[in-house]
Structures are given as C-alpha cells and as structure tokens.
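> As input, take data35.txt (compact mmCIF, C-alpha atoms):
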# COMPACT_ATOMS: atom_id res chain seq x y z
CA MET A 1 47.72 93.51 21.20
CA SER A 2 44.97 90.93 21.68
CA ILE A 3 41.91 91.57 23.85
CA ARG A 4 43.13 89.09 26.47
CA ALA A 5 46.65 90.56 26.56
CA SER A 6 45.24 94.08 26.88
CA ILE A 7 43.07 93.00 29.81
CA PHE A 8 46.04 91.48 31.62
CA SER A 9 48.06 94.67 31.03
CA ILE A 10 45.35 96.85 32.56
CA LEU A 11 44.84 94.48 35.47
CA PHE A 12 48.56 94.25 36.26
CA VAL A 13 48.89 98.03 36.51
CA THR A 14 45.85 98.51 38.72
CA MET A 15 46.73 95.63 41.05
CA LEU A 16 50.24 97.07 41.40
CA LEU A 17 48.75 100.40 42.36
CA CYS A 18 46.44 98.60 44.77
CA VAL A 19 49.37 97.05 46.67
CA LEU A 20 51.43 100.24 46.68
CA ALA A 21 48.42 102.09 48.05
CA ALA A 22 48.47 99.73 51.01
CA ALA A 23 51.82 101.04 52.25
CA PRO A 24 51.40 102.69 55.71
CA SER A 25 53.12 105.90 54.62
CA THR A 26 50.63 106.26 51.79
CA VAL A 27 47.70 105.42 54.00
CA LEU A 28 48.62 107.98 56.65
CA ALA A 29 49.13 110.62 53.99
CA GLN A 30 45.46 110.20 53.09
CA ALA A 31 44.26 111.08 56.58
CA ASP A 32 43.35 114.58 55.50
CA ASP A 33 41.68 113.48 52.24
CA GLU A 34 38.21 114.91 51.91
CA GLU A 35 36.93 111.39 51.20
CA LYS A 36 38.23 109.99 54.53
CA PRO A 37 36.12 107.54 56.61
CA ALA A 38 34.02 108.75 59.51
CA SER A 39 36.87 107.97 61.97
CA ALA A 40 40.36 109.24 61.16
CA PRO A 41 42.50 106.47 59.64
CA THR A 42 45.25 105.29 61.92
CA ILE A 43 47.69 102.39 61.93
CA SER A 44 49.47 101.30 65.07
CA GLU A 45 53.24 101.33 65.00
CA ARG A 46 53.48 97.55 65.36
CA THR A 47 50.90 96.86 62.64
CA GLY A 48 52.54 99.42 60.37
CA GLU A 49 55.90 97.69 60.71
CA LYS A 50 54.37 94.35 59.73
CA LEU A 51 52.56 95.83 56.76
CA ASN A 52 55.77 97.47 55.53
CA LYS A 53 57.62 94.20 55.93
CA ALA A 54 54.89 92.26 54.07
CA ILE A 55 55.02 94.71 51.17
CA GLU A 56 58.81 94.48 50.99
CA LEU A 57 58.59 90.69 50.81
CA LEU A 58 55.82 90.84 48.22
CA ASP A 59 57.94 93.21 46.16
CA THR A 60 60.69 90.55 46.01
CA ASP A 61 58.19 87.76 45.16
CA ASN A 62 58.63 86.22 48.62
CA TYR A 63 54.97 85.33 48.94
CA SER A 64 55.37 82.79 51.73
CA GLY A 65 57.31 85.32 53.78
CA ALA A 66 54.67 88.01 53.23
CA ILE A 67 51.94 85.57 54.23
CA ALA A 68 53.85 84.60 57.38
CA VAL A 69 54.18 88.26 58.42
CA LEU A 70 50.50 89.03 57.83
CA SER A 71 49.49 85.89 59.70
CA GLU A 72 51.18 87.28 62.83
CA ILE A 73 48.66 90.13 62.98
CA ASN A 74 45.69 89.59 65.32
CA LEU A 75 42.81 90.75 63.11
CA GLU A 76 40.46 91.04 66.09
CA LYS A 77 42.59 93.86 67.47
CA THR A 78 42.83 95.86 64.24
CA SER A 79 40.83 98.93 63.31
CA PRO A 80 38.56 98.94 60.23
CA TYR A 81 41.21 100.97 58.45
CA GLU A 82 43.97 98.52 59.34
CA ARG A 83 41.82 95.52 58.45
CA SER A 84 41.03 96.95 55.01
CA ARG A 85 44.75 97.53 54.35
CA ILE A 86 45.66 94.04 55.50
CA GLU A 87 43.03 92.47 53.25
CA GLN A 88 44.24 94.66 50.39
CA ILE A 89 47.78 93.31 50.71
CA TRP A 90 46.40 89.75 50.98
CA ALA A 91 44.60 90.42 47.71
CA GLY A 92 47.86 91.51 46.10
CA ILE A 93 49.59 88.32 47.26
CA SER A 94 46.76 86.10 46.00
CA TYR A 95 46.73 87.88 42.65
CA ALA A 96 50.51 87.55 42.26
CA GLN A 97 50.14 83.80 42.83
CA GLY A 98 47.35 83.51 40.26
CA ASP A 99 44.70 82.88 42.91
CA TYR A 100 42.00 85.17 41.52
CA ASP A 101 39.23 83.72 43.69
CA GLY A 102 41.35 84.45 46.75
CA ALA A 103 42.18 87.95 45.51
CA ARG A 104 38.49 88.74 44.95
CA ARG A 105 37.60 87.35 48.36
CA HIS A 106 40.19 89.50 50.11
CA LEU A 107 39.13 92.61 48.19
CA SER A 108 35.51 91.97 49.17
CA GLN A 109 36.60 91.58 52.79
CA ALA A 110 38.60 94.82 52.52
CA ILE A 111 35.43 96.60 51.42
CA THR A 112 33.35 94.96 54.14
CA ALA A 113 35.87 95.92 56.84
CA GLY A 114 34.80 99.54 56.40
CA GLY A 115 38.23 101.16 56.24
CA PHE A 116 38.09 102.27 52.62
CA ASN A 117 36.91 105.66 51.48
CA GLU A 118 34.42 105.95 48.64
CA HIS A 119 37.11 106.08 45.97
CA GLU A 120 38.92 103.02 47.32
CA VAL A 121 35.69 101.03 47.50
CA SER A 122 35.02 101.88 43.86
CA GLN A 123 38.56 100.91 42.86
CA ALA A 124 38.31 97.56 44.66
CA ARG A 125 35.03 96.73 42.94
CA TYR A 126 36.62 97.60 39.61
CA GLN A 127 39.53 95.29 40.33
CA ILE A 128 37.14 92.46 41.17
CA GLY A 129 35.59 92.86 37.72
CA GLN A 130 39.04 92.92 36.13
CA MET A 131 40.01 89.64 37.75
CA PHE A 132 36.92 87.93 36.36
CA MET A 133 38.06 89.19 32.97
CA ALA A 134 41.59 87.87 33.49
CA GLU A 135 40.09 84.42 34.09
CA GLU A 136 37.96 84.80 30.95
CA LYS A 137 34.82 84.67 33.06
CA TRP A 138 33.20 87.14 30.72
CA LYS A 139 29.66 86.98 32.08
CA GLU A 140 30.73 87.52 35.69
CA GLY A 141 33.20 90.21 34.61
CA ALA A 142 30.56 92.13 32.66
CA ALA A 143 28.12 91.93 35.58
CA ALA A 144 30.75 93.16 38.06
CA LEU A 145 31.78 96.01 35.79
CA GLU A 146 28.18 97.03 35.13
CA ASP A 147 27.64 97.12 38.90
CA TRP A 148 30.75 99.24 39.30
CA PHE A 149 29.69 101.66 36.54
CA ARG A 150 26.47 102.48 38.42
CA THR A 151 28.40 104.33 41.12
CA ALA A 152 31.75 105.07 39.48
CA LYS A 153 32.73 108.70 39.05
CA ASP A 154 34.23 109.58 35.67
CA PRO A 155 35.06 106.05 34.42
CA ASN A 156 38.10 106.04 32.18
CA SER A 157 38.63 104.58 28.72
CA ALA A 158 40.23 101.39 30.05
CA ALA A 159 37.10 100.56 32.03
CA TYR A 160 34.85 101.00 29.01
CA TYR A 161 37.21 98.88 26.94
CA LEU A 162 37.06 96.04 29.46
CA LEU A 163 33.27 96.08 29.48
CA ALA A 164 33.16 96.11 25.68
CA ALA A 165 35.68 93.27 25.56
CA ALA A 166 33.55 91.19 27.93
CA TYR A 167 30.46 91.56 25.75
CA TYR A 168 32.52 90.93 22.62
CA GLN A 169 33.82 87.67 24.05
CA MET A 170 30.24 86.72 24.93
CA GLU A 171 29.35 87.46 21.26
CA ASP A 172 26.90 90.11 22.42
CA LEU A 173 28.07 92.58 19.81
CA ASP A 174 25.15 94.97 20.23
CA ARG A 175 25.96 95.57 23.91
CA ALA A 176 29.68 95.80 23.16
CA LEU A 177 29.33 98.73 20.76
CA ALA A 178 28.44 101.57 23.16
CA PRO A 179 31.30 100.98 25.66
CA ALA A 180 33.73 100.35 22.79
CA LYS A 181 32.86 103.77 21.35
CA LYS A 182 33.27 105.37 24.79
CA ALA A 183 36.70 103.78 25.21
CA VAL A 184 37.93 105.44 22.02
CA GLU A 185 36.10 108.75 22.41
CA LEU A 186 37.18 109.51 25.99
CA THR A 187 40.88 109.83 25.22
CA ASP A 188 42.98 111.54 22.59
CA LYS A 189 45.40 108.59 22.60
CA PRO A 190 43.42 105.33 22.71
CA GLN A 191 45.30 102.05 22.71
CA PRO A 192 45.44 100.37 19.25
CA SER A 193 43.59 97.37 20.71
CA TRP A 194 40.70 99.62 21.73
CA ILE A 195 40.41 101.01 18.20
CA GLU A 196 40.70 97.48 16.77
CA LEU A 197 37.77 96.32 18.90
CA LEU A 198 35.53 99.19 17.81
CA LEU A 199 36.64 98.70 14.21
CA GLY A 200 35.73 95.01 14.38
CA LEU A 201 32.26 95.86 15.68
CA TYR A 202 31.68 98.37 12.87
CA LEU A 203 32.87 95.88 10.27
CA GLN A 204 30.44 93.30 11.66
CA ARG A 205 27.69 95.79 10.85
CA GLU A 206 29.24 96.61 7.45
CA ASN A 207 29.45 100.22 8.60
CA TYR A 208 32.32 101.04 6.28
CA GLN A 209 31.92 104.79 6.55
CA ALA A 210 32.55 104.72 10.31
CA SER A 211 35.35 102.16 9.89
CA VAL A 212 37.56 104.24 7.59
CA PRO A 213 38.44 106.98 10.15
CA LEU A 214 39.35 104.28 12.68
CA LEU A 215 41.69 102.57 10.24
CA GLU A 216 43.23 105.90 9.35
CA ARG A 217 43.95 106.47 13.07
CA LEU A 218 45.53 103.03 13.32
CA ILE A 219 47.71 103.79 10.30
CA VAL A 220 48.97 106.98 11.98
CA MET A 221 49.76 104.97 15.12
CA GLU A 222 51.15 101.87 13.38
CA PRO A 223 52.08 102.79 9.80
CA GLU A 224 54.34 99.74 9.47
CA LYS A 225 51.46 97.26 9.79
CA LYS A 226 50.55 96.17 6.27
CA THR A 227 47.21 94.75 7.40
CA HIS A 228 45.98 98.28 8.13
CA TRP A 229 46.72 99.42 4.58
CA LEU A 230 45.18 96.31 3.03
CA ARG A 231 42.04 96.62 5.16
CA LEU A 232 41.76 100.31 4.30
CA SER A 233 41.95 99.41 0.64
CA SER A 234 39.23 96.79 1.11
CA LEU A 235 36.99 99.30 2.86
CA TYR A 236 37.38 101.82 0.03
CA GLN A 237 36.68 99.06 -2.47
CA ALA A 238 33.52 98.05 -0.59
CA GLN A 239 32.37 101.67 -0.96
CA GLU A 240 33.29 101.59 -4.67
CA LYS A 241 36.00 104.20 -4.10
CA TYR A 242 38.42 102.45 -6.41
CA PRO A 243 41.09 105.16 -6.83
CA GLU A 244 41.33 105.43 -3.03
CA ALA A 245 41.49 101.64 -2.74
CA LEU A 246 44.36 101.59 -5.23
CA ALA A 247 46.16 104.44 -3.46
CA ALA A 248 46.20 102.53 -0.15
CA LEU A 249 47.63 99.45 -1.87
CA GLN A 250 50.22 101.51 -3.70
CA VAL A 251 51.44 103.03 -0.41
CA ALA A 252 51.83 99.54 1.07
CA TYR A 253 53.70 98.42 -2.04
CA ASN A 254 56.05 101.42 -2.10
CA ALA A 255 56.79 100.98 1.61
CA GLY A 256 57.67 97.31 1.13
CA TYR A 257 54.83 96.03 3.32
CA MET A 258 53.59 93.43 0.82
CA SER A 259 54.33 89.73 1.10
CA GLY A 260 52.97 86.68 -0.65
CA ASP A 261 51.10 86.12 -3.88
CA ALA A 262 47.77 87.52 -2.68
CA ASP A 263 49.14 91.01 -1.95
CA TYR A 264 50.85 91.44 -5.32
CA VAL A 265 47.97 89.92 -7.26
CA ARG A 266 45.54 92.24 -5.53
CA LEU A 267 47.59 95.30 -6.46
CA ALA A 268 47.99 94.10 -10.05
CA ASP A 269 44.26 93.45 -10.38
CA MET A 270 43.41 96.84 -8.87
CA LEU A 271 45.76 98.59 -11.29
CA ARG A 272 44.06 96.90 -14.22
CA PHE A 273 40.64 97.74 -12.79
CA ASN A 274 41.68 101.40 -12.61
CA ASP A 275 42.85 101.15 -16.25
CA ILE A 276 46.59 101.23 -15.50
CA PRO A 277 47.52 97.93 -17.20
CA PHE A 278 51.14 98.81 -18.00
CA ARG A 279 51.86 99.39 -14.30
CA SER A 280 50.02 96.14 -13.49
CA ALA A 281 52.26 94.19 -15.83
CA ARG A 282 55.40 95.74 -14.38
CA VAL A 283 54.32 94.92 -10.82
CA ILE A 284 53.86 91.26 -11.75
CA GLU A 285 57.12 91.08 -13.71
CA LYS A 286 59.13 92.58 -10.84
CA ALA A 287 57.45 90.30 -8.28
CA ILE A 288 58.43 87.28 -10.40
CA GLU A 289 61.99 88.57 -10.83
CA ASP A 290 62.37 89.18 -7.07
CA GLY A 291 60.86 85.82 -6.13
CA ASN A 292 57.96 87.48 -4.33
CA ILE A 293 55.28 85.68 -6.30
CA THR A 294 54.77 82.11 -7.50
CA ALA A 295 55.16 82.00 -11.28
CA ASN A 296 52.29 79.65 -12.14
CA ALA A 297 49.77 79.53 -14.98
CA GLU A 298 47.41 81.96 -13.26
CA ILE A 299 50.15 84.55 -12.72
CA TYR A 300 51.43 84.31 -16.29
CA GLU A 301 47.88 84.65 -17.56
CA LYS A 302 47.40 87.81 -15.48
CA LEU A 303 50.64 89.19 -16.85
CA ALA A 304 49.58 88.44 -20.41
CA ASN A 305 46.16 90.00 -19.86
CA ALA A 306 47.77 93.15 -18.48
CA TRP A 307 49.90 93.51 -21.62
CA ILE A 308 46.88 92.78 -23.81
CA GLN A 309 44.88 95.47 -22.02
CA ALA A 310 47.82 97.83 -22.51
CA GLY A 311 47.67 97.05 -26.24
CA ASP A 312 51.12 95.47 -26.32
CA TYR A 313 50.30 92.08 -27.88
CA GLU A 314 53.92 91.26 -28.56
CA LYS A 315 54.82 91.38 -24.86
CA ALA A 316 51.72 89.34 -24.06
CA ILE A 317 52.86 86.37 -26.16
CA PRO A 318 55.70 84.91 -23.97
CA PRO A 319 53.75 84.85 -20.66
CA LEU A 320 50.66 83.55 -22.44
CA GLU A 321 52.71 80.72 -24.00
CA ARG A 322 54.09 79.81 -20.56
CA ALA A 323 50.64 79.90 -19.02
CA ALA A 324 49.23 77.72 -21.80
CA ARG A 325 51.93 75.09 -21.34
CA MET A 326 51.36 74.99 -17.57
CA SER A 327 47.56 74.89 -17.74
CA ASP A 328 45.50 71.70 -17.47
CA THR A 329 43.13 72.80 -20.24
CA GLY A 330 43.46 74.13 -23.76
CA ASP A 331 41.76 77.45 -23.03
CA LEU A 332 44.96 79.48 -22.77
CA TYR A 333 46.20 78.10 -26.08
CA ALA A 334 42.90 79.24 -27.57
CA ARG A 335 43.47 82.66 -25.97
CA LEU A 336 46.97 82.70 -27.46
CA GLY A 337 45.52 81.84 -30.84
CA GLN A 338 43.08 84.74 -30.51
CA VAL A 339 45.94 87.14 -29.78
CA GLN A 340 47.84 85.85 -32.81
CA VAL A 341 44.74 86.40 -34.95
CA GLN A 342 44.63 90.01 -33.72
CA ARG A 343 48.31 90.31 -34.67
CA GLU A 344 47.50 88.71 -38.06
CA GLU A 345 50.13 86.08 -37.40
CA TRP A 346 48.09 83.38 -39.14
CA ALA A 347 50.50 80.44 -38.97
CA ALA A 348 51.19 81.07 -35.27
CA ALA A 349 47.46 81.35 -34.67
CA VAL A 350 46.81 77.97 -36.32
CA ALA A 351 49.56 76.32 -34.25
CA ALA A 352 48.25 77.74 -30.97
CA LEU A 353 44.62 76.90 -31.72
CA GLN A 354 45.51 73.37 -32.72
CA SER A 355 47.41 72.90 -29.45
CA GLY A 356 44.39 74.13 -27.54
CA ILE A 357 41.97 71.86 -29.37
CA ASP A 358 44.29 68.89 -28.95
CA LYS A 359 44.70 69.58 -25.22
CA GLY A 360 40.94 69.73 -24.89
CA ARG A 361 38.58 70.66 -22.05
CA LEU A 362 37.85 74.00 -23.73
CA ASP A 363 35.20 76.29 -22.30
CA ASP A 364 34.16 77.34 -25.83
CA THR A 365 35.28 74.79 -28.43
CA GLY A 366 33.15 76.46 -31.09
CA ASN A 367 35.05 79.74 -30.75
CA ALA A 368 38.41 77.97 -31.15
CA GLU A 369 37.10 76.23 -34.27
CA LEU A 370 35.82 79.51 -35.66
CA LEU A 371 39.19 81.22 -35.07
CA MET A 372 40.95 78.27 -36.72
CA GLY A 373 38.77 78.73 -39.78
CA ILE A 374 39.55 82.46 -39.88
CA ALA A 375 43.31 81.86 -39.63
CA LEU A 376 43.22 79.26 -42.41
CA LEU A 377 40.99 81.45 -44.57
CA ASN A 378 43.55 84.24 -44.36
CA GLN A 379 46.19 81.74 -45.51
CA LYS A 380 43.91 81.07 -48.50
CA LYS A 381 43.36 77.46 -47.44
CA LEU A 382 39.68 77.56 -48.31
CA GLY A 383 38.91 73.85 -48.06
CA GLU A 384 40.48 73.43 -44.63
CA ALA A 385 38.91 76.66 -43.45
CA ARG A 386 35.42 75.56 -44.55
CA GLY A 387 35.81 72.31 -42.64
CA TRP A 388 36.54 74.19 -39.43
CA PHE A 389 33.62 76.56 -40.02
CA GLU A 390 31.35 73.54 -40.46
CA ARG A 391 32.52 72.24 -37.08
CA ALA A 392 32.02 75.68 -35.50
CA SER A 393 28.47 75.84 -36.93
CA ARG A 394 27.47 73.05 -34.52
CA SER A 395 27.83 75.56 -31.73
CA ASP A 396 24.69 77.59 -31.04
CA LYS A 397 26.85 80.53 -30.05
CA GLN A 398 29.05 80.48 -33.17
CA ARG A 399 26.58 79.13 -35.76
CA LYS A 400 25.55 82.44 -37.34
CA MET A 401 29.13 83.66 -37.81
CA ALA A 402 30.36 80.27 -39.06
CA LEU A 403 27.58 80.03 -41.67
CA SER A 404 28.39 83.50 -42.97
CA TYR A 405 32.03 82.49 -43.50
CA MET A 406 30.93 79.28 -45.22
CA GLN A 407 28.80 81.34 -47.62
CA LEU A 408 31.80 83.63 -48.26
CA ILE A 409 33.99 80.62 -49.13
CA ASP A 410 31.28 79.09 -51.37
CA SER A 411 30.89 82.41 -53.22
CA ARG A 412 34.62 82.53 -53.90
CA ARG A 413 34.62 79.00 -55.26
CA SER A 414 31.69 79.51 -57.63
Taking this structure as input, can you express it in the form of structure tokens?


Amino acid sequence: MSIRASIFSILFVTMLLCVLAAAPSTVLAQADDEEKPASAPTISERTGEKLNKAIELLDTDNYSGAIAVLSEINLEKTSPYERSRIEQIWAGISYAQGDYDGARRHLSQAITAGGFNEHEVSQARYQIGQMFMAEEKWKEGAAALEDWFRTAKDPNSAAYYLLAAAYYQMEDLDRALAPAKKAVELTDKPQPSWIELLLGLYLQRENYQASVPLLERLIVMEPEKKTHWLRLSSLYQAQEKYPEALAALQVAYNAGYMSGDADYVRLADMLRFNDIPFRSARVIEKAIEDGNITANAEIYEKLANAWIQAGDYEKAIPPLERAARMSDTGDLYARLGQVQVQREEWAAAVAALQSGIDKGRLDDTGNAELLMGIALLNQKKLGEARGWFERASRSDKQRKMALSYMQLIDSRRS
C-alpha cells in the first residue's frame, strides 16, 4: 500500500468513528464518563431526533437531506454539548463530500463549542491533521500532528506513521525517522506500509544492518512479493554476505517469483560468483527453454562462461558460437578461438580466430593474433605462424610472448 493510500485508509476509519460517536445514544451513554464536561451532557428530545435523522441520511449518502435536517436546528438554543455534536456531524458530511476545509472548520467549531471532553478534543485535533494529509498538505499536516502530539495521551502507531509520512513527503528524512521507528515499534503487527517507510529511510542512510530485520518481517507478512526477496539479496550483497544473498535469490527462484531477464541473470551471476557454475548454466538453459529470458548474445556468452568456469569446454562451444554470430564485434569469436586452443582443436581455433579478426573491432587484436600463431604452430605451419607472431609483436602487451615464439620458430628452421 502506498503512503497516500494508507493515509486515506486511516482517515476513513477515524472519520467514520467520529460520525458514529455523534449518535445521541452514544453521547448519552458517555454521561457518566470520568472525562465528562463540567456540566452533564444532555440532548433535548427534539434535537436528538434531528441528529438521529441526519446520521441515518448520512449513512445512506443522502448529504443534502442530512444538511436540510441539521439546518432546521436553531444553534442559538443548543447547549455546548449539542452544538459540539452538531458540528461533528457537519464535519462528517463535509468530509464525505470531499470538502476538507469545511470538515476542518466544523471540527474546530465543535472544539470551540465546549461540549467535548478531553479525549474528544484530542481526537478532533488529530482528525484535522489527518485531513491536511489527505489533501497532501504535508507541511500543515505535520504542524497539526505535532501540535496534537504535545497533549495526546498514548499516541498509537497510526499517528506516528502519519507524522513520519508527512516529513517523508516533505523530503525531511531526518525528522521522519523517529516517528517511523515509533510506528513500527509500538505494535506487534505493524502495517506493511509502515515497515516499508522505515525501511526506505534506513536504505537512504545505507544502514543495511537495520534494514535486514525489516525486510525479513515483510517477507513473513508478504512472502509472495518477489521484490522483498530481491531486496533482501541486495542488502546481503551490499554487506558482502554472498552466500546469504544467493540463498534469498534461490528461494525466490524455487517459489516461481522471478520474471524477466534481470532476475534470472542476477541469479546466474550470483551462482557463478559463489563458484556454482554448473547450476548457473542450468538456470540460464532452463530460462531460455521456458521463454523466460531473451536469448541474445549477452545471454549466450553468460551461458558459455558458466560452462567454461565449470570446466566443460565442449558444452561451452555451441552457446559461444551463437553469441559470436550475434555480436557486433569479433571479440566473442576470439574468445571461442581461445577455448578451442585450450581444447587443442587447432583447425577450429584458426577458423574462429580468423572470423573474429575479419569481423574486427577487437578489444585486444594482439591477443587474437598471438593465439592464431599458436594454433598454426601446433599445425606445424611455421611460416604462417611466424607471420602472425610478427603482427602480434606490434602489441605492447603481447610483444614479449610473440618474440619468444618467433625465436622458437627460427631455432627450428636453423
């Protein structure tokens, strides 16, 4: 749930309670409350009938009817208690119609009328702050809530969340942190949105250690959300806890929470990083087979590299050939040639290296030329091999090795 949606949810519940509390039967039942006003609360029979009727009409969304009934009441002849209840119902009507300014005005008038007890005054002030929040008037909402907190008794988690949300929306992250922590700490069952807000504030500070327990709580509450598992993996990775990072990804994979190239590539890369290349290759192969990943040059290269790391050069050849054909440069052909050299498949190595050199745009042309010379030398084609070593010797990086091979060839010829 988003911050704004969570605010509206909280506000809807409290405003509903506000209107229900205005019912005469409820009001009279509070006459013996220890927080009662100085004079005992009373509602005349005629006024009580009108209030009941107004609430019934409000309950059926007949706002004009409720307004008409309330308008019949002569406010000058009402008691403070009655006036506060009337203004409270007016506030409920205004709120239901989306008139937040009107709802705040009526709640303020309900407080001023003097018919509320201490608890009701506090609740009304809280609702005023909530309505500023519902209108995304974050500055006014934060100020109203801060004013309410100064006298509120035992504020609940929802109130702290609203204050934190106001500061978050104002981009005052430092002031948002304390109430966000309170919102989560004060209840055993915080809303996921409350945990998300606190988590976001910790991540802004790169406080990964404090973030992990919050994500773990979110996973318990919402295990089906793949983003929780992926974020948990990222947090472990940021702390260089690579086995834990892999474990979180593996859970998401096994549960079927992954979707799109990025998720599968991340798991494959993490498996290779944790030295499990065979599993990495199988993850990529299955993702290609199931159509869960785009089979492009990059993916085929990753698959080939996984098989190479696993020491299975034969299985690396087909994906590396596909990647080389799809690539815009000759580098993957050069890589293929290198693998064929390691397999001592000299003719295949020459063919791959030549394709790479012909395709061009190599990152290290000298290395491809050196490998070409080695492949030809092992085919006993000394003249051709020496020519390629001469070309490789123009590379600062490959010069020393190329010259040594040239000396070897010259010694064989003499």

> Determine, counting all atoms listed in the file, every residue of protein, DNA or RNA that lies within 10 Å of (32.5, 99.9, 1.4) in the file coordinates, then give the result as a PDB file with C-alpha atoms, keeping the file's coordinate frame.


ATOM      1  CA  LEU A 203      32.870  95.880  10.270  1.00  0.00           C
ATOM      2  CA  GLU A 206      29.240  96.610   7.450  1.00  0.00           C
ATOM      3  CA  ASN A 207      29.450 100.220   8.600  1.00  0.00           C
ATOM      4  CA  TYR A 208      32.320 101.040   6.280  1.00  0.00           C
ATOM      5  CA  GLN A 209      31.920 104.790   6.550  1.00  0.00           C
ATOM      6  CA  SER A 211      35.350 102.160   9.890  1.00  0.00           C
ATOM      7  CA  VAL A 212      37.560 104.240   7.590  1.00  0.00           C
ATOM      8  CA  LEU A 232      41.760 100.310   4.300  1.00  0.00           C
ATOM      9  CA  SER A 233      41.950  99.410   0.640  1.00  0.00           C
ATOM     10  CA  SER A 234      39.230  96.790   1.110  1.00  0.00           C
ATOM     11  CA  LEU A 235      36.990  99.300   2.860  1.00  0.00           C
ATOM     12  CA  TYR A 236      37.380 101.820   0.030  1.00  0.00           C
ATOM     13  CA  GLN A 237      36.680  99.060  -2.470  1.00  0.00           C
ATOM     14  CA  ALA A 238      33.520  98.050  -0.590  1.00  0.00           C
ATOM     15  CA  GLN A 239      32.370 101.670  -0.960  1.00  0.00           C
ATOM     16  CA  GLU A 240      33.290 101.590  -4.670  1.00  0.00           C
ATOM     17  CA  LYS A 241      36.000 104.200  -4.100  1.00  0.00           C
TER      18      LYS A 241
END

> Mind giving me the straight-line distance from CA of Leu246 in chain A to CA of Asn274 in chain A in Å, one decimal?

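Taking CA of Leu246 in chain A and CA of Asn274 in chain A, their separation equals 7.9 Å.
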
> Restricting the calculation to only C-alpha atoms: of A:Ser71, A:Ser64, A:Ser157, A:Gln398, which residue gets closest to Lys50 in chain A?

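Of A:Ser71, A:Ser64, A:Ser157, A:Gln398, the one nearest Lys50 in chain A, counting only C-alpha atoms, is A:Ser71.
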
> Please measure the separation of CA of Lys182 in chain A and CA of Asn156 in chain A, giving the value in Å to one decimal.

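Interatomic distance, CA of Lys182 in chain A to CA of Asn156 in chain A: 8.9 Å.
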
> Work out how far apart CA of Ser84 in chain A and CA of Arg46 in chain A are and give it in Å to one decimal.

16.2 Å

> Have a look at A:Asp364, A:Asp312, A:Glu185, A:Glu140 and name the one nearest to Arg343 in chain A; count all atoms listed in the file.

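Between A:Asp364, A:Asp312, A:Glu185, A:Glu140, the residue approaching Arg343 in chain A most closely is A:Asp312.
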